[in-house]
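*Asks:* Structure file run_32.txt (compact mmCIF, C-alpha atoms and all ligand atoms) is given on the next line.
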# COMPACT_ATOMS: atom_id res chain seq x y z
CA MET A 302 59.71 21.98 21.22
CA ARG A 303 56.57 20.04 22.15
CA ASN A 304 54.01 21.57 24.52
CA ARG A 305 52.96 19.50 27.53
CA LEU A 306 50.49 19.83 30.39
CA SER A 307 51.69 18.85 33.87
CA PRO A 308 48.93 18.94 36.48
CA SER A 309 50.27 19.79 39.94
CA VAL A 310 49.56 17.03 42.44
CA LEU A 311 49.49 19.55 45.30
CA ALA A 312 45.94 20.48 44.31
CA ALA A 313 44.65 16.90 43.99
CA ASP A 314 42.62 15.19 46.72
CA PHE A 315 45.26 13.88 49.17
CA GLY A 316 42.83 11.19 50.27
CA ALA A 317 42.43 9.91 46.72
CA LEU A 318 45.62 10.78 44.88
CA ARG A 319 45.82 7.59 42.83
CA GLU A 320 42.28 8.04 41.59
CA ASP A 321 42.67 11.75 40.71
CA LEU A 322 45.92 11.13 38.85
CA ARG A 323 44.46 8.21 36.96
CA THR A 324 41.55 10.36 35.85
CA ALA A 325 43.91 13.12 34.67
CA GLU A 326 46.21 10.67 32.87
CA GLU A 327 43.33 8.95 31.09
CA ALA A 328 42.09 12.37 29.97
CA GLY A 329 45.46 13.13 28.36
CA ALA A 330 47.86 14.49 30.99
CA GLU A 331 51.34 13.35 29.91
CA SER A 332 53.15 14.52 33.02
CA PHE A 333 52.60 15.22 36.71
CA HIS A 334 54.27 17.97 38.71
CA PHE A 335 55.31 17.17 42.31
CA ASP A 336 55.82 20.13 44.67
CA ILE A 337 58.23 19.21 47.45
CA MET A 338 58.23 21.84 50.23
CA ASP A 339 60.34 21.63 53.38
CA GLY A 340 58.94 24.40 55.58
CA HIS A 341 62.29 26.24 55.37
CA PHE A 342 62.89 27.35 51.80
CA VAL A 343 59.15 28.00 51.58
CA PRO A 344 56.74 28.51 54.48
CA ASN A 345 54.78 25.32 53.89
CA ILE A 346 55.28 21.55 54.10
CA SER A 347 53.78 19.38 51.36
CA TYR A 348 54.76 15.70 51.03
CA GLY A 349 57.85 13.66 50.34
CA ALA A 350 59.35 10.92 48.21
CA SER A 351 57.11 8.14 49.56
CA ILE A 352 54.09 9.75 47.89
CA VAL A 353 55.94 10.04 44.57
CA SER A 354 57.01 6.43 44.84
CA ALA A 355 53.48 5.18 45.63
CA LEU A 356 52.05 7.03 42.62
CA ARG A 357 54.84 5.86 40.31
CA LYS A 358 53.51 2.31 40.50
CA ASP A 359 50.30 3.28 38.78
CA SER A 360 51.40 5.87 36.23
CA ARG A 361 53.34 6.01 32.98
CA ALA A 362 53.43 9.81 32.92
CA PHE A 363 56.59 11.94 33.03
CA PHE A 364 57.27 12.69 36.72
CA ASP A 365 58.49 16.26 37.15
CA VAL A 366 59.79 16.98 40.66
CA HIS A 367 59.98 20.61 41.81
CA LEU A 368 62.16 20.85 44.92
CA MET A 369 61.37 23.87 47.07
CA VAL A 370 63.84 22.85 49.74
CA GLU A 371 67.10 23.92 51.29
CA ASN A 372 70.09 21.69 50.57
CA PRO A 373 68.44 20.17 47.47
CA ASP A 374 71.44 17.98 46.53
CA PHE A 375 70.72 15.70 49.46
CA TYR A 376 67.36 14.76 47.89
CA PHE A 377 68.43 13.98 44.32
CA PRO A 378 69.11 10.24 44.88
CA ILE A 379 66.03 9.94 47.08
CA PHE A 380 63.71 11.23 44.36
CA LYS A 381 65.54 9.22 41.70
CA LYS A 382 64.70 6.12 43.69
CA ALA A 383 61.09 7.28 44.03
CA GLY A 384 60.75 7.42 40.24
CA ALA A 385 61.43 11.03 39.20
CA ASP A 386 62.15 11.63 35.52
CA ARG A 387 63.28 15.19 36.10
CA ILE A 388 64.30 17.25 39.10
CA CYS A 389 64.41 21.00 39.23
CA PHE A 390 65.64 22.96 42.24
CA HIS A 391 65.73 26.64 43.08
CA VAL A 392 68.66 28.87 42.14
CA GLU A 393 67.99 30.73 45.40
CA ALA A 394 68.43 27.57 47.51
CA THR A 395 72.03 26.53 46.91
CA PRO A 396 75.34 28.07 45.71
CA HIS A 397 76.95 25.56 43.31
CA LEU A 398 74.35 25.33 40.59
CA ASP A 399 76.60 23.80 37.95
CA ARG A 400 77.71 21.03 40.30
CA SER A 401 74.13 20.33 41.39
CA LEU A 402 72.81 20.14 37.82
CA ASN A 403 75.55 17.67 36.94
CA ALA A 404 74.74 15.58 40.02
CA ILE A 405 71.17 15.17 38.75
CA LYS A 406 72.34 14.25 35.24
CA GLU A 407 74.76 11.69 36.66
CA LEU A 408 71.76 10.00 38.26
CA ASP A 409 70.25 9.72 34.78
CA MET A 410 67.49 12.26 35.20
CA GLU A 411 66.74 15.50 33.38
CA ALA A 412 67.96 18.54 35.29
CA GLY A 413 66.34 21.94 35.64
CA LEU A 414 66.52 25.21 37.53
CA ALA A 415 63.58 27.01 39.12
CA VAL A 416 63.55 30.79 39.42
CA ASN A 417 61.43 32.84 41.82
CA PRO A 418 59.42 35.78 40.45
CA ALA A 419 61.81 38.40 41.85
CA THR A 420 64.99 36.59 40.76
CA SER A 421 66.71 37.87 37.62
CA LEU A 422 67.20 35.69 34.54
CA SER A 423 70.90 36.55 34.74
CA THR A 424 71.17 33.86 37.48
CA VAL A 425 70.54 31.14 34.89
CA GLU A 426 72.04 32.67 31.76
CA GLU A 427 75.43 30.90 31.89
CA LEU A 428 73.77 27.59 32.70
CA LEU A 429 71.38 27.37 29.76
CA PRO A 430 73.66 24.94 27.91
CA VAL A 431 73.97 22.78 31.05
CA CYS A 432 70.29 22.19 31.78
CA SER A 433 67.41 21.18 29.58
CA TYR A 434 64.72 22.97 31.58
CA ILE A 435 64.03 26.27 33.31
CA LEU A 436 60.97 26.70 35.50
CA LEU A 437 59.78 30.27 35.88
CA MET A 438 57.63 30.77 38.95
CA SER A 439 54.65 32.96 38.20
CA VAL A 440 53.66 33.10 41.91
CA ASN A 441 55.78 33.22 45.06
CA PRO A 442 56.32 29.52 45.79
CA GLY A 443 54.79 27.77 48.78
CA PHE A 444 51.08 27.55 48.04
CA GLY A 445 48.65 26.53 45.34
CA GLY A 446 45.75 28.65 44.23
CA GLN A 447 47.54 32.02 44.03
CA LYS A 448 47.15 34.72 41.41
CA PHE A 449 49.41 34.80 38.33
CA ILE A 450 51.98 37.62 38.55
CA PRO A 451 51.62 39.61 35.30
CA TYR A 452 55.31 40.54 34.85
CA SER A 453 56.04 36.81 34.42
CA LEU A 454 54.94 37.11 30.78
CA ASP A 455 57.74 39.51 29.89
CA LYS A 456 60.21 37.29 31.74
CA LEU A 457 59.04 34.24 29.76
CA ARG A 458 59.49 36.13 26.53
CA ARG A 459 63.02 37.23 27.44
CA LEU A 460 63.99 33.68 28.49
CA ARG A 461 62.71 32.24 25.20
CA GLU A 462 64.76 34.86 23.34
CA MET A 463 67.88 34.02 25.36
CA ALA A 464 67.47 30.35 24.41
CA GLU A 465 66.85 31.11 20.75
CA GLU A 466 69.86 33.44 20.52
CA ARG A 467 71.98 30.51 21.70
CA ASP A 468 70.24 27.99 19.44
CA LEU A 469 69.10 25.94 22.42
CA GLU A 470 66.01 23.73 22.54
CA LEU A 471 65.18 24.75 26.08
CA GLU A 472 62.07 23.44 27.80
CA ILE A 473 60.47 26.38 29.61
CA GLY A 474 57.99 25.72 32.40
CA VAL A 475 55.64 28.17 34.01
CA ASP A 476 54.22 27.48 37.46
CA GLY A 477 51.51 29.23 39.44
CA GLY A 478 48.15 30.80 38.72
CA ILE A 479 47.67 29.21 35.29
CA GLY A 480 44.09 28.65 34.15
CA LEU A 481 42.10 28.44 30.94
CA GLU A 482 41.86 32.25 30.93
CA ASN A 483 45.64 32.87 30.68
CA ILE A 484 47.02 29.66 29.13
CA ALA A 485 47.07 31.22 25.65
CA SER A 486 49.17 34.16 26.82
CA VAL A 487 51.84 32.01 28.52
CA LEU A 488 52.12 29.75 25.46
CA ASP A 489 52.42 32.82 23.27
CA ALA A 490 55.18 34.20 25.53
CA GLY A 491 57.26 31.04 25.02
CA ALA A 492 56.36 28.57 27.77
CA ASN A 493 55.97 24.98 26.58
CA PHE A 494 55.62 23.07 29.86
CA ILE A 495 52.42 24.13 31.55
CA ILE A 496 51.89 23.43 35.23
CA ALA A 497 48.36 23.78 36.53
CA GLY A 498 47.17 22.76 39.99
CA SER A 499 43.89 24.16 41.23
CA SER A 500 42.55 24.83 37.75
CA VAL A 501 42.78 21.08 36.99
CA PHE A 502 41.96 19.44 40.33
CA SER A 503 39.76 21.80 42.36
CA GLU A 504 36.46 20.31 41.15
CA LYS A 505 36.67 16.55 41.40
CA ASP A 506 33.98 15.83 38.86
CA LYS A 507 35.58 18.10 36.26
CA ILE A 508 39.16 16.79 36.08
CA THR A 509 38.64 15.11 32.70
CA GLU A 510 36.93 18.15 31.26
CA LYS A 511 39.69 20.49 32.49
CA VAL A 512 42.57 18.38 31.17
CA GLU A 513 40.87 18.15 27.78
CA ALA A 514 40.21 21.90 27.73
CA PHE A 515 43.87 22.68 28.55
CA ASN A 516 45.06 20.25 25.91
CA ARG A 517 42.98 21.97 23.25
CA PHE A 518 45.21 25.01 23.75
CA ILE A 519 48.42 23.11 24.32
CA LYS A 520 48.37 20.56 21.50
C1 LIG A 601 53.60 26.70 44.11
C2 LIG A 601 53.79 25.40 43.39
C3 LIG A 601 52.88 25.20 42.24
C4 LIG A 601 51.43 25.08 42.60
C5 LIG A 601 50.62 25.59 41.45
O1 LIG A 601 54.59 26.83 45.09
O2 LIG A 601 55.13 25.33 42.90
O3 LIG A 601 53.28 24.08 41.45
O4 LIG A 601 51.03 23.76 42.90
O5 LIG A 601 49.29 25.65 41.85
P1 LIG A 601 48.20 26.55 41.10
O6 LIG A 601 48.12 26.07 39.69
O7 LIG A 601 46.97 26.30 41.89
O8 LIG A 601 48.68 27.98 41.18
ZN ZN A 602 55.63 23.72 41.47
Please render this file's structure as structure tokens.

*Replies:*
Amino acid sequence: MRNRLSPSVLAADFGALREDLRTAEEAGAESFHFDIMDGHFVPNISYGASIVSALRKDSRAFFDVHLMVENPDFYFPIFKKAGADRICFHVEATPHLDRSLNAIKELDMEAGLAVNPATSLSTVEELLPVCSYILLMSVNPGFGGQKFIPYSLDKLRRLREMAEERDLELEIGVDGGIGLENIASVLDAGANFIIAGSSVFSEKDKITEKVEAFNRFIK
């Protein structure tokens, strides 16, 4: 399974999103991560499909949409139209996970499940053959710039083992508190889709440098 970096747009300059994303893409970012927050499932509001759609026009990267919303199914066609390549939603947000995953696949997108730090891996175990991606949250979702929760490493390791035992080529994402100081440990634990917000975008004049530094670990 190939490793990829997906800078989180939440940490980019909202007044200059196109420019920041272009800089990251030219430096070697193959994907962007879009955090959609509704102020209900998480205590914060971010941005919606119109931002994704505006950025789609100028980017060839893989658009990874992370829905932190209640009633996620309602938004699948909306983000498809906006240009999402993959949608993942939270197992804590809705009851019929199998049905929801299939609804995303029927719209011709990749489908994934996101899991909060305190949620057990048993919630996704049966569904590993149904989805191509699991996103493990390594912070409590809602905000960028938080500290990586250390027990996420053990959880990553156990998820990679679960996938290998079943002979599945699962893409495993890790989201929250990832920087150049801990990237090696999350890759070693089995993550292959690396989401990084503030550590890529917080210093505007260093976006290129940061993407290149991450990619030296990832590639
Ligand atoms: C948190 C979001 C993350 C966030 C990561 O709710 O899901 O994607 O943008 O930001 P950093 O890398 O700053 O922790
Ligand atoms: Zn996210």

*Asks:* Quote the spacing between atom CA of Leu414 of chain A and atom CA of Leu471 of chain A in Å to one decimal place.

*Replies:*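 Computing the Euclidean distance for atom CA of Leu414 of chain A and atom CA of Leu471 of chain A yields 11.5 Å.
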
*Asks:* What gap, in Å, lies between atom CA of Ala383 of chain A and atom CA of Phe515 of chain A?

*Replies:*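 Spanning atom CA of Ala383 of chain A to atom CA of Phe515 of chain A is a straight-line distance of 27.8 Å.
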
*Asks:* Find, counting all atoms listed in the file, the residue in A:Leu429, A:Leu306, A:Ile379, A:Ile496 that gets nearest to ligand ZN 602 (chain A).

*Replies:*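 Answer, going by the shortest atom-to-atom distance: A:Ile496.
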
*Asks:* Taking 6 positions as the minimum chain separation for residues in the same chain, which residues sit within 12 Å of Ile346 of chain A when counting all atoms listed in the file? Answer as a list in words.

*Replies:*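 Once the adjacent positions are removed, what remains is Leu311, Asp336, Ile337, Met338, Asp339, Gly340, Leu368, Met369, Val370, Pro442, Gly443 and Phe444 of chain A.
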
*Asks:* Just the residues within 12 Å of Ile484 of chain A, please, counting only C-alpha atoms, with nothing from its chain fewer than 2 positions along; format it as a VMD selection string.

*Replies:* chain A and resid 304 to 306 449 454 475 to 482 486 to 497 500 514 to 520

*Asks:* Pull C-alpha atoms from the residues just selected and write them as an mmCIF file, in the coordinates of the input.

*Replies:*
data_model
loop_
_atom_site.group_PDB
_atom_site.id
_atom_site.type_symbol
_atom_site.label_atom_id
_atom_site.label_comp_id
_atom_site.auth_asym_id
_atom_site.auth_seq_id
_atom_site.Cartn_x
_atom_site.Cartn_y
_atom_site.Cartn_z
ATOM 1 C CA ASN A 304 54.010 21.570 24.520
ATOM 2 C CA ARG A 305 52.960 19.500 27.530
ATOM 3 C CA LEU A 306 50.490 19.830 30.390
ATOM 4 C CA PHE A 449 49.410 34.800 38.330
ATOM 5 C CA LEU A 454 54.940 37.110 30.780
ATOM 6 C CA VAL A 475 55.640 28.170 34.010
ATOM 7 C CA ASP A 476 54.220 27.480 37.460
ATOM 8 C CA GLY A 477 51.510 29.230 39.440
ATOM 9 C CA GLY A 478 48.150 30.800 38.720
ATOM 10 C CA ILE A 479 47.670 29.210 35.290
ATOM 11 C CA GLY A 480 44.090 28.650 34.150
ATOM 12 C CA LEU A 481 42.100 28.440 30.940
ATOM 13 C CA GLU A 482 41.860 32.250 30.930
ATOM 14 C CA SER A 486 49.170 34.160 26.820
ATOM 15 C CA VAL A 487 51.840 32.010 28.520
ATOM 16 C CA LEU A 488 52.120 29.750 25.460
ATOM 17 C CA ASP A 489 52.420 32.820 23.270
ATOM 18 C CA ALA A 490 55.180 34.200 25.530
ATOM 19 C CA GLY A 491 57.260 31.040 25.020
ATOM 20 C CA ALA A 492 56.360 28.570 27.770
ATOM 21 C CA ASN A 493 55.970 24.980 26.580
ATOM 22 C CA PHE A 494 55.620 23.070 29.860
ATOM 23 C CA ILE A 495 52.420 24.130 31.550
ATOM 24 C CA ILE A 496 51.890 23.430 35.230
ATOM 25 C CA ALA A 497 48.360 23.780 36.530
ATOM 26 C CA SER A 500 42.550 24.830 37.750
ATOM 27 C CA ALA A 514 40.210 21.900 27.730
ATOM 28 C CA PHE A 515 43.870 22.680 28.550
ATOM 29 C CA ASN A 516 45.060 20.250 25.910
ATOM 30 C CA ARG A 517 42.980 21.970 23.250
ATOM 31 C CA PHE A 518 45.210 25.010 23.750
ATOM 32 C CA ILE A 519 48.420 23.110 24.320
ATOM 33 C CA LYS A 520 48.370 20.560 21.500
#

*Asks:* I need the residue nearest ligand ZN 602 (chain A) from this list: A:Gly316, A:Pro344, A:Gly474, A:Pro418. Use only C-alpha atoms and all ligand atoms for the distance.

*Replies:*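 Among the listed residues, A:Gly474 lies closest to ligand ZN 602 (chain A).
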
*Asks:* What separation in Å, quoted to one decimal, exists between atom CA of Val343 of chain A and atom C2 of ligand LIG 601 (chain A)?

*Replies:*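 Atom C2 of ligand LIG 601 (chain A) lies 10.1 Å from atom CA of Val343 of chain A.
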
*Asks:* Would you mind telling me which residue in A:Ser401, A:Asn483, A:Ser360, A:Ser307 lies nearest to Ser439 of chain A when using all atoms listed in the file?

*Replies:* A:Asn483

*Asks:* May I have the residues within 10 Å of Ala464 of chain A as a count of residues only, using all atoms listed in the file and disregarding those fewer than 6 positions away in the same chain?

*Replies:* 7
